[in-house]
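**Student:** Take this structure, written in structure tokens, and hold onto it; I'll ask about it next.
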Amino acid sequence: MKSHTLKIISVGVALCFNAGVSISQTKPDCLGEVRAIEEKTNFRKDTTVKDKNIYISYTVRVTDWENGVTVSNIKMYTHMQYMHFFTEQANIYRDGKEVVMILPIQKIAIINSTNSALNDTKISEGFFEMRKGFLDSCEVVRCEKVSGRKILELKVVKDNISSIESITYEYDAEQAKMISTRVNYNENYKIKQMLITYKDFSLNSDHKYSASRTYLMEKNGHLLPKLSGYEFMDNRDLKKKYK
């Protein structure tokens, strides 16, 4: 369960940092369409969204090799240096100084110092070039329209350090909207499959933010009453111990 939780969190954070996909235009039309959709939502060249209060909602379904399934319904809000990330497995609050993580299943509460790298929502062009190189190593095995939606299936044909065997995109080309992404892994990886189903997206959320520590502790430094019994980990720089 813990590894699944960390995987789901990493997916949420990747989305928070607008990790778009760059795909070669020299391949079939489906690839060009998927690239256009991802370019529309990755924001790396769009300075007009830097002050927007962004809301993203999606579901992650993780299947392991024993066919055990973990489902997380994720809601994420991000505005400038703030980020709030909510699932059944974890709640994360980030501001310009600190990051708070609350794991209700494990009854663990963690606070860390943040830094400029975590606060910067832009990813370098090198990251996108790396993604492009990965997807350019794939072979298109399916590109078709089904019930008004389009399906693009890619198979990895070169050595793949990420252990991914195939990726399937389902999308609406006319509305330029991604519907789902299915990733299948080989047996060297800890999970068998991850299915991400996209739900809502908005640039005009009315979500409110406060200092991250207020979601964890009272002004006197004690944990909030609702977190009574939680294991508390203070990993901040110059950390102070609280009872």
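The way I read the labels, and the way they are meant: chains A, B, ... in the order of the structure tokens, residue 1 as the first residue of every chain, and ligand 1 as the first ligand shown, with later ones counted on from there.
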Leaving out Ser147 in chain A and any residue of its chain fewer than 6 positions from it, which residues lie within 12 Å of it when counting only C-alpha atoms, given as a ChimeraX atom specification?

**Tutor:** /A:170-172

**Student:** Grab the residues selected above and save them as a tab-separated table (two decimals), in the first residue's frame with N, CA and C atoms.

**Tutor:**
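This is the output file selection-v3.tsv:
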```tsv
chain	number	residue	atom	x	y	z
A	170	GLU	N	-6.45	7.68	-24.71
A	170	GLU	CA	-7.81	7.84	-25.22
A	170	GLU	C	-8.14	9.32	-25.13
A	171	TYR	N	-8.60	9.91	-26.23
A	171	TYR	CA	-8.79	11.35	-26.24
A	171	TYR	C	-9.88	11.77	-27.22
A	172	ASP	N	-10.34	13.00	-27.04
A	172	ASP	CA	-11.33	13.61	-27.92
A	172	ASP	C	-10.60	14.63	-28.78
```

**Student:** Write out as a ChimeraX atom specification the set of residues from range 27-240 of chain A that DSSP, computed on the backbone, places in strand (DSSP E or B).

**Tutor:** /A:53-64,69-79,82-86,91-94,98-103,108-113,138-146,149-156,164-172,177-185,191-202,204,217,223,231-234

**Student:** Excluding range 204-216 of chain A and residues on its chain fewer than 4 positions from it, collect all residues at most 12 Å away from it, counting only C-alpha atoms, and give them as a PDB file with N, CA, C and O atoms, in the first residue's frame.

**Tutor:**
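Contents of out_29.pdb, as written:
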```
ATOM      1  N   VAL A  49      -0.888  32.053 -17.361  1.00  0.00           N
ATOM      2  CA  VAL A  49      -1.517  31.232 -16.326  1.00  0.00           C
ATOM      3  C   VAL A  49      -0.786  31.304 -14.990  1.00  0.00           C
ATOM      4  O   VAL A  49      -1.208  30.682 -14.020  1.00  0.00           O
ATOM      5  N   LYS A  50       0.298  32.069 -14.913  1.00  0.00           N
ATOM      6  CA  LYS A  50       1.121  32.044 -13.700  1.00  0.00           C
ATOM      7  C   LYS A  50       0.369  32.546 -12.473  1.00  0.00           C
ATOM      8  O   LYS A  50       0.702  32.190 -11.350  1.00  0.00           O
ATOM      9  N   ASP A  51      -0.644  33.391 -12.670  1.00  0.00           N
ATOM     10  CA  ASP A  51      -1.410  33.900 -11.546  1.00  0.00           C
ATOM     11  C   ASP A  51      -2.764  33.215 -11.395  1.00  0.00           C
ATOM     12  O   ASP A  51      -3.572  33.608 -10.556  1.00  0.00           O
ATOM     13  N   LYS A  52      -3.023  32.187 -12.189  1.00  0.00           N
ATOM     14  CA  LYS A  52      -4.312  31.507 -12.164  1.00  0.00           C
ATOM     15  C   LYS A  52      -4.392  30.539 -10.987  1.00  0.00           C
ATOM     16  O   LYS A  52      -3.396  29.981 -10.533  1.00  0.00           O
ATOM     17  N   ASN A  53      -5.610  30.349 -10.510  1.00  0.00           N
ATOM     18  CA  ASN A  53      -5.882  29.369  -9.456  1.00  0.00           C
ATOM     19  C   ASN A  53      -6.380  28.105 -10.150  1.00  0.00           C
ATOM     20  O   ASN A  53      -7.544  28.007 -10.531  1.00  0.00           O
ATOM     21  N   ILE A  54      -5.481  27.143 -10.339  1.00  0.00           N
ATOM     22  CA  ILE A  54      -5.745  25.981 -11.185  1.00  0.00           C
ATOM     23  C   ILE A  54      -6.303  24.815 -10.374  1.00  0.00           C
ATOM     24  O   ILE A  54      -5.821  24.519  -9.274  1.00  0.00           O
ATOM     25  N   TYR A  55      -7.295  24.155 -10.936  1.00  0.00           N
ATOM     26  CA  TYR A  55      -7.902  22.967 -10.317  1.00  0.00           C
ATOM     27  C   TYR A  55      -7.843  21.812 -11.310  1.00  0.00           C
ATOM     28  O   TYR A  55      -8.185  21.968 -12.485  1.00  0.00           O
ATOM     29  N   ILE A  56      -7.387  20.656 -10.826  1.00  0.00           N
ATOM     30  CA  ILE A  56      -7.312  19.439 -11.641  1.00  0.00           C
ATOM     31  C   ILE A  56      -7.917  18.293 -10.849  1.00  0.00           C
ATOM     32  O   ILE A  56      -7.641  18.134  -9.657  1.00  0.00           O
ATOM     33  N   SER A  57      -8.737  17.486 -11.505  1.00  0.00           N
ATOM     34  CA  SER A  57      -9.336  16.315 -10.864  1.00  0.00           C
ATOM     35  C   SER A  57      -9.149  15.108 -11.769  1.00  0.00           C
ATOM     36  O   SER A  57      -9.421  15.175 -12.974  1.00  0.00           O
ATOM     37  N   LYS A  75      -7.808  15.304  -6.219  1.00  0.00           N
ATOM     38  CA  LYS A  75      -8.144  16.696  -6.481  1.00  0.00           C
ATOM     39  C   LYS A  75      -6.923  17.531  -6.126  1.00  0.00           C
ATOM     40  O   LYS A  75      -6.351  17.369  -5.050  1.00  0.00           O
ATOM     41  N   MET A  76      -6.541  18.400  -7.043  1.00  0.00           N
ATOM     42  CA  MET A  76      -5.352  19.200  -6.815  1.00  0.00           C
ATOM     43  C   MET A  76      -5.615  20.656  -7.190  1.00  0.00           C
ATOM     44  O   MET A  76      -6.215  20.944  -8.224  1.00  0.00           O
ATOM     45  N   TYR A  77      -5.164  21.539  -6.306  1.00  0.00           N
ATOM     46  CA  TYR A  77      -5.294  22.971  -6.521  1.00  0.00           C
ATOM     47  C   TYR A  77      -3.903  23.582  -6.460  1.00  0.00           C
ATOM     48  O   TYR A  77      -3.113  23.248  -5.577  1.00  0.00           O
ATOM     49  N   THR A  78      -3.606  24.481  -7.371  1.00  0.00           N
ATOM     50  CA  THR A  78      -2.300  25.127  -7.345  1.00  0.00           C
ATOM     51  C   THR A  78      -2.432  26.584  -7.761  1.00  0.00           C
ATOM     52  O   THR A  78      -3.146  26.919  -8.710  1.00  0.00           O
ATOM     53  N   HIS A  79      -1.765  27.444  -7.003  1.00  0.00           N
ATOM     54  CA  HIS A  79      -1.801  28.881  -7.276  1.00  0.00           C
ATOM     55  C   HIS A  79      -0.486  29.484  -6.809  1.00  0.00           C
ATOM     56  O   HIS A  79      -0.171  29.490  -5.613  1.00  0.00           O
ATOM     57  N   MET A  80       0.318  29.945  -7.777  1.00  0.00           N
ATOM     58  CA  MET A  80       1.632  30.502  -7.481  1.00  0.00           C
ATOM     59  C   MET A  80       2.446  29.523  -6.636  1.00  0.00           C
ATOM     60  O   MET A  80       2.648  28.394  -7.046  1.00  0.00           O
ATOM     61  N   GLN A  81       2.877  29.891  -5.414  1.00  0.00           N
ATOM     62  CA  GLN A  81       3.712  28.974  -4.635  1.00  0.00           C
ATOM     63  C   GLN A  81       2.908  27.933  -3.869  1.00  0.00           C
ATOM     64  O   GLN A  81       3.478  27.048  -3.227  1.00  0.00           O
ATOM     65  N   TYR A  82       1.569  28.028  -3.918  1.00  0.00           N
ATOM     66  CA  TYR A  82       0.729  27.110  -3.153  1.00  0.00           C
ATOM     67  C   TYR A  82       0.325  25.889  -3.979  1.00  0.00           C
ATOM     68  O   TYR A  82       0.101  25.972  -5.188  1.00  0.00           O
ATOM     69  N   MET A  83       0.213  24.755  -3.288  1.00  0.00           N
ATOM     70  CA  MET A  83      -0.325  23.548  -3.890  1.00  0.00           C
ATOM     71  C   MET A  83      -1.026  22.729  -2.816  1.00  0.00           C
ATOM     72  O   MET A  83      -0.466  22.484  -1.748  1.00  0.00           O
ATOM     73  N   HIS A  84      -2.266  22.331  -3.074  1.00  0.00           N
ATOM     74  CA  HIS A  84      -3.015  21.429  -2.208  1.00  0.00           C
ATOM     75  C   HIS A  84      -3.395  20.208  -3.027  1.00  0.00           C
ATOM     76  O   HIS A  84      -3.958  20.330  -4.125  1.00  0.00           O
ATOM     77  N   PHE A  85      -3.101  19.031  -2.473  1.00  0.00           N
ATOM     78  CA  PHE A  85      -3.255  17.769  -3.192  1.00  0.00           C
ATOM     79  C   PHE A  85      -3.984  16.789  -2.280  1.00  0.00           C
ATOM     80  O   PHE A  85      -3.516  16.514  -1.169  1.00  0.00           O
ATOM     81  N   ASN A  91      -2.914  13.703   1.974  1.00  0.00           N
ATOM     82  CA  ASN A  91      -3.199  15.118   1.757  1.00  0.00           C
ATOM     83  C   ASN A  91      -1.877  15.874   1.845  1.00  0.00           C
ATOM     84  O   ASN A  91      -1.109  15.674   2.795  1.00  0.00           O
ATOM     85  N   ILE A  92      -1.610  16.720   0.863  1.00  0.00           N
ATOM     86  CA  ILE A  92      -0.352  17.463   0.829  1.00  0.00           C
ATOM     87  C   ILE A  92      -0.662  18.952   0.707  1.00  0.00           C
ATOM     88  O   ILE A  92      -1.501  19.359  -0.102  1.00  0.00           O
ATOM     89  N   TYR A  93       0.045  19.748   1.522  1.00  0.00           N
ATOM     90  CA  TYR A  93      -0.115  21.199   1.502  1.00  0.00           C
ATOM     91  C   TYR A  93       1.273  21.823   1.335  1.00  0.00           C
ATOM     92  O   TYR A  93       2.170  21.547   2.125  1.00  0.00           O
ATOM     93  N   ARG A  94       1.435  22.659   0.318  1.00  0.00           N
ATOM     94  CA  ARG A  94       2.729  23.298   0.084  1.00  0.00           C
ATOM     95  C   ARG A  94       2.548  24.801  -0.029  1.00  0.00           C
ATOM     96  O   ARG A  94       1.601  25.283  -0.683  1.00  0.00           O
ATOM     97  N   ASP A  95       3.436  25.542   0.619  1.00  0.00           N
ATOM     98  CA  ASP A  95       3.490  26.986   0.419  1.00  0.00           C
ATOM     99  C   ASP A  95       4.937  27.353   0.098  1.00  0.00           C
ATOM    100  O   ASP A  95       5.734  26.478  -0.265  1.00  0.00           O
ATOM    101  N   GLY A  96       5.289  28.618   0.221  1.00  0.00           N
ATOM    102  CA  GLY A  96       6.633  29.027  -0.144  1.00  0.00           C
ATOM    103  C   GLY A  96       7.710  28.624   0.835  1.00  0.00           C
ATOM    104  O   GLY A  96       8.896  28.726   0.529  1.00  0.00           O
ATOM    105  N   LYS A  97       7.319  28.140   2.025  1.00  0.00           N
ATOM    106  CA  LYS A  97       8.293  27.795   3.059  1.00  0.00           C
ATOM    107  C   LYS A  97       8.303  26.326   3.447  1.00  0.00           C
ATOM    108  O   LYS A  97       9.350  25.756   3.723  1.00  0.00           O
ATOM    109  N   GLU A  98       7.115  25.719   3.492  1.00  0.00           N
ATOM    110  CA  GLU A  98       7.022  24.366   4.047  1.00  0.00           C
ATOM    111  C   GLU A  98       6.055  23.486   3.250  1.00  0.00           C
ATOM    112  O   GLU A  98       5.163  23.985   2.564  1.00  0.00           O
ATOM    113  N   VAL A  99       6.271  22.185   3.384  1.00  0.00           N
ATOM    114  CA  VAL A  99       5.381  21.181   2.794  1.00  0.00           C
ATOM    115  C   VAL A  99       4.893  20.266   3.910  1.00  0.00           C
ATOM    116  O   VAL A  99       5.697  19.742   4.686  1.00  0.00           O
ATOM    117  N   VAL A 100       3.579  20.089   3.996  1.00  0.00           N
ATOM    118  CA  VAL A 100       2.977  19.205   4.986  1.00  0.00           C
ATOM    119  C   VAL A 100       2.344  18.028   4.262  1.00  0.00           C
ATOM    120  O   VAL A 100       1.627  18.207   3.279  1.00  0.00           O
ATOM    121  N   MET A 101       2.626  16.816   4.747  1.00  0.00           N
ATOM    122  CA  MET A 101       2.019  15.608   4.205  1.00  0.00           C
ATOM    123  C   MET A 101       1.320  14.860   5.331  1.00  0.00           C
ATOM    124  O   MET A 101       1.939  14.562   6.355  1.00  0.00           O
ATOM    125  N   ILE A 102       0.040  14.557   5.133  1.00  0.00           N
ATOM    126  CA  ILE A 102      -0.738  13.819   6.121  1.00  0.00           C
ATOM    127  C   ILE A 102      -1.220  12.528   5.488  1.00  0.00           C
ATOM    128  O   ILE A 102      -1.891  12.541   4.452  1.00  0.00           O
ATOM    129  N   LEU A 103      -0.836  11.400   6.093  1.00  0.00           N
ATOM    130  CA  LEU A 103      -1.198  10.064   5.593  1.00  0.00           C
ATOM    131  C   LEU A 103      -2.190   9.442   6.568  1.00  0.00           C
ATOM    132  O   LEU A 103      -1.787   8.864   7.586  1.00  0.00           O
ATOM    133  N   ILE A 108       0.303   9.085   9.881  1.00  0.00           N
ATOM    134  CA  ILE A 108       1.595   9.759   9.902  1.00  0.00           C
ATOM    135  C   ILE A 108       1.413  11.189   9.404  1.00  0.00           C
ATOM    136  O   ILE A 108       0.701  11.430   8.422  1.00  0.00           O
ATOM    137  N   ALA A 109       2.043  12.142  10.084  1.00  0.00           N
ATOM    138  CA  ALA A 109       2.036  13.538   9.659  1.00  0.00           C
ATOM    139  C   ALA A 109       3.477  14.011   9.541  1.00  0.00           C
ATOM    140  O   ALA A 109       4.284  13.785  10.440  1.00  0.00           O
ATOM    141  N   ILE A 110       3.805  14.646   8.421  1.00  0.00           N
ATOM    142  CA  ILE A 110       5.185  15.025   8.135  1.00  0.00           C
ATOM    143  C   ILE A 110       5.231  16.496   7.716  1.00  0.00           C
ATOM    144  O   ILE A 110       4.363  16.959   6.972  1.00  0.00           O
ATOM    145  N   ILE A 111       6.253  17.210   8.171  1.00  0.00           N
ATOM    146  CA  ILE A 111       6.485  18.571   7.698  1.00  0.00           C
ATOM    147  C   ILE A 111       7.936  18.689   7.243  1.00  0.00           C
ATOM    148  O   ILE A 111       8.849  18.189   7.903  1.00  0.00           O
ATOM    149  N   ASN A 112       8.134  19.303   6.083  1.00  0.00           N
ATOM    150  CA  ASN A 112       9.456  19.509   5.512  1.00  0.00           C
ATOM    151  C   ASN A 112       9.609  20.963   5.105  1.00  0.00           C
ATOM    152  O   ASN A 112       8.624  21.646   4.797  1.00  0.00           O
ATOM    153  N   SER A 113      10.840  21.417   5.052  1.00  0.00           N
ATOM    154  CA  SER A 113      11.114  22.724   4.449  1.00  0.00           C
ATOM    155  C   SER A 113      10.996  22.576   2.943  1.00  0.00           C
ATOM    156  O   SER A 113      11.330  21.531   2.378  1.00  0.00           O
ATOM    157  N   THR A 114      10.521  23.617   2.291  1.00  0.00           N
ATOM    158  CA  THR A 114      10.509  23.610   0.839  1.00  0.00           C
ATOM    159  C   THR A 114      11.691  24.434   0.340  1.00  0.00           C
ATOM    160  O   THR A 114      12.493  24.939   1.124  1.00  0.00           O
ATOM    161  N   ASP A 200     -11.958  16.787 -14.286  1.00  0.00           N
ATOM    162  CA  ASP A 200     -12.201  18.220 -14.411  1.00  0.00           C
ATOM    163  C   ASP A 200     -10.905  19.020 -14.448  1.00  0.00           C
ATOM    164  O   ASP A 200      -9.884  18.607 -13.904  1.00  0.00           O
ATOM    165  N   ASN A 220       0.588  27.033  19.038  1.00  0.00           N
ATOM    166  CA  ASN A 220       1.549  26.663  20.078  1.00  0.00           C
ATOM    167  C   ASN A 220       2.456  25.505  19.655  1.00  0.00           C
ATOM    168  O   ASN A 220       3.295  25.040  20.428  1.00  0.00           O
ATOM    169  N   GLY A 221       2.280  25.039  18.424  1.00  0.00           N
ATOM    170  CA  GLY A 221       3.137  23.975  17.918  1.00  0.00           C
ATOM    171  C   GLY A 221       2.622  22.575  18.134  1.00  0.00           C
ATOM    172  O   GLY A 221       3.214  21.612  17.637  1.00  0.00           O
ATOM    173  N   HIS A 222       1.527  22.395  18.866  1.00  0.00           N
ATOM    174  CA  HIS A 222       0.953  21.071  19.071  1.00  0.00           C
ATOM    175  C   HIS A 222       0.151  20.646  17.830  1.00  0.00           C
ATOM    176  O   HIS A 222      -0.429  21.499  17.145  1.00  0.00           O
ATOM    177  N   LEU A 223       0.116  19.347  17.594  1.00  0.00           N
ATOM    178  CA  LEU A 223      -0.686  18.844  16.485  1.00  0.00           C
ATOM    179  C   LEU A 223      -2.151  19.198  16.696  1.00  0.00           C
ATOM    180  O   LEU A 223      -2.633  19.277  17.830  1.00  0.00           O
ATOM    181  N   LEU A 224      -2.872  19.389  15.602  1.00  0.00           N
ATOM    182  CA  LEU A 224      -4.298  19.652  15.685  1.00  0.00           C
ATOM    183  C   LEU A 224      -4.998  18.477  16.365  1.00  0.00           C
ATOM    184  O   LEU A 224      -4.572  17.322  16.211  1.00  0.00           O
ATOM    185  N   PRO A 225      -6.081  18.731  17.103  1.00  0.00           N
ATOM    186  CA  PRO A 225      -6.807  17.649  17.783  1.00  0.00           C
ATOM    187  C   PRO A 225      -7.216  16.508  16.855  1.00  0.00           C
ATOM    188  O   PRO A 225      -7.177  15.341  17.251  1.00  0.00           O
ATOM    189  N   LYS A 226      -7.580  16.811  15.633  1.00  0.00           N
ATOM    190  CA  LYS A 226      -8.012  15.759  14.706  1.00  0.00           C
ATOM    191  C   LYS A 226      -6.871  14.820  14.316  1.00  0.00           C
ATOM    192  O   LYS A 226      -7.104  13.744  13.759  1.00  0.00           O
ATOM    193  N   LEU A 227      -5.630  15.230  14.611  1.00  0.00           N
ATOM    194  CA  LEU A 227      -4.465  14.398  14.306  1.00  0.00           C
ATOM    195  C   LEU A 227      -3.916  13.713  15.560  1.00  0.00           C
ATOM    196  O   LEU A 227      -2.804  13.184  15.543  1.00  0.00           O
ATOM    197  N   SER A 228      -4.692  13.698  16.611  1.00  0.00           N
ATOM    198  CA  SER A 228      -4.279  13.022  17.834  1.00  0.00           C
ATOM    199  C   SER A 228      -3.986  11.555  17.557  1.00  0.00           C
ATOM    200  O   SER A 228      -4.760  10.861  16.900  1.00  0.00           O
ATOM    201  N   TYR A 230      -1.384  10.524  15.801  1.00  0.00           N
ATOM    202  CA  TYR A 230      -0.542  10.414  14.611  1.00  0.00           C
ATOM    203  C   TYR A 230       0.937  10.435  14.997  1.00  0.00           C
ATOM    204  O   TYR A 230       1.336  11.116  15.946  1.00  0.00           O
ATOM    205  N   GLU A 231       1.748   9.701  14.264  1.00  0.00           N
ATOM    206  CA  GLU A 231       3.199   9.822  14.375  1.00  0.00           C
ATOM    207  C   GLU A 231       3.606  11.102  13.653  1.00  0.00           C
ATOM    208  O   GLU A 231       3.221  11.322  12.499  1.00  0.00           O
ATOM    209  N   PHE A 232       4.379  11.949  14.320  1.00  0.00           N
ATOM    210  CA  PHE A 232       4.746  13.245  13.762  1.00  0.00           C
ATOM    211  C   PHE A 232       6.229  13.267  13.421  1.00  0.00           C
ATOM    212  O   PHE A 232       7.079  12.994  14.268  1.00  0.00           O
ATOM    213  N   MET A 233       6.563  13.615  12.170  1.00  0.00           N
ATOM    214  CA  MET A 233       7.943  13.716  11.711  1.00  0.00           C
ATOM    215  C   MET A 233       8.220  15.153  11.282  1.00  0.00           C
ATOM    216  O   MET A 233       7.594  15.661  10.347  1.00  0.00           O
ATOM    217  N   ASP A 234       9.136  15.804  11.972  1.00  0.00           N
ATOM    218  CA  ASP A 234       9.522  17.172  11.646  1.00  0.00           C
ATOM    219  C   ASP A 234      10.887  17.117  10.964  1.00  0.00           C
ATOM    220  O   ASP A 234      11.920  16.956  11.612  1.00  0.00           O
ATOM    221  N   ARG A 236      12.143  19.565   8.928  1.00  0.00           N
ATOM    222  CA  ARG A 236      12.534  20.885   8.453  1.00  0.00           C
ATOM    223  C   ARG A 236      13.983  21.201   8.793  1.00  0.00           C
ATOM    224  O   ARG A 236      14.548  20.675   9.739  1.00  0.00           O
ATOM    225  N   TYR A 242       8.099  19.394  18.597  1.00  0.00           N
ATOM    226  CA  TYR A 242       6.833  19.686  19.253  1.00  0.00           C
ATOM    227  C   TYR A 242       6.269  18.419  19.857  1.00  0.00           C
ATOM    228  O   TYR A 242       6.483  17.328  19.351  1.00  0.00           O
TER     229      TYR A 242
END
```

**Student:** Please identify all polymer residues within 6 Å of Asn186 in chain A, counting only C-alpha atoms, omitting same-chain residues fewer than 3 positions from it, and present them as a PDB file with all heavy atoms, in the first residue's frame.

**Tutor:**
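Generated output (result03.pdb):
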```pdb
ATOM      1  N   SER A 163      10.912   0.889 -17.398  1.00  0.00           N
ATOM      2  CA  SER A 163      10.199  -0.393 -17.333  1.00  0.00           C
ATOM      3  C   SER A 163       8.818  -0.347 -17.971  1.00  0.00           C
ATOM      4  O   SER A 163       7.994  -1.230 -17.755  1.00  0.00           O
ATOM      5  CB  SER A 163      10.060  -0.876 -15.876  1.00  0.00           C
ATOM      6  OG  SER A 163      11.315  -1.039 -15.273  1.00  0.00           O
ATOM      7  N   GLU A 165       6.193  -0.889 -20.870  1.00  0.00           N
ATOM      8  CA  GLU A 165       6.038  -1.710 -22.062  1.00  0.00           C
ATOM      9  C   GLU A 165       5.164  -1.033 -23.107  1.00  0.00           C
ATOM     10  O   GLU A 165       5.437  -1.113 -24.301  1.00  0.00           O
ATOM     11  CB  GLU A 165       5.431  -3.073 -21.702  1.00  0.00           C
ATOM     12  CG  GLU A 165       6.415  -4.029 -21.052  1.00  0.00           C
ATOM     13  CD  GLU A 165       5.908  -5.457 -21.054  1.00  0.00           C
ATOM     14  OE1 GLU A 165       4.680  -5.656 -21.151  1.00  0.00           O
ATOM     15  OE2 GLU A 165       6.757  -6.365 -20.957  1.00  0.00           O
ATOM     16  N   TYR A 189       9.113  -4.139 -12.835  1.00  0.00           N
ATOM     17  CA  TYR A 189       8.583  -3.012 -12.073  1.00  0.00           C
ATOM     18  C   TYR A 189       7.619  -3.502 -11.016  1.00  0.00           C
ATOM     19  O   TYR A 189       7.036  -4.586 -11.118  1.00  0.00           O
ATOM     20  CB  TYR A 189       7.887  -2.024 -13.018  1.00  0.00           C
ATOM     21  CG  TYR A 189       7.719  -0.645 -12.427  1.00  0.00           C
ATOM     22  CD1 TYR A 189       8.827   0.083 -12.001  1.00  0.00           C
ATOM     23  CD2 TYR A 189       6.462  -0.078 -12.290  1.00  0.00           C
ATOM     24  CE1 TYR A 189       8.684   1.357 -11.455  1.00  0.00           C
ATOM     25  CE2 TYR A 189       6.314   1.196 -11.748  1.00  0.00           C
ATOM     26  CZ  TYR A 189       7.423   1.898 -11.333  1.00  0.00           C
ATOM     27  OH  TYR A 189       7.272   3.145 -10.780  1.00  0.00           O
TER      28      TYR A 189
END
```

**Student:** Give me, as JSON, numbers by chain, all polymer residues having an atom no more than 10 Å from Asn188 in chain A, counting only C-alpha atoms and skipping those fewer than 3 positions away in the same chain.

**Tutor:** {"A": [162, 163, 164, 185, 191, 192]}

**Student:** Quick one: pull the distance between CA of Thr87 in chain A and CA of Asn73 in chain A, Å, one decimal.

**Tutor:**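 These two atoms are separated by 5.6 Å.
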
**Student:** Which residues, written as an NGL selection string, have at least one atom at most 12 Å from range 175-184 of chain A, with only C-alpha atoms counted and residues fewer than 3 positions away on the same chain left out?

**Tutor:** :A and (11 or 20-21 or 30 or 32-41 or 57-65 or 148-156 or 162-172 or 187-201)
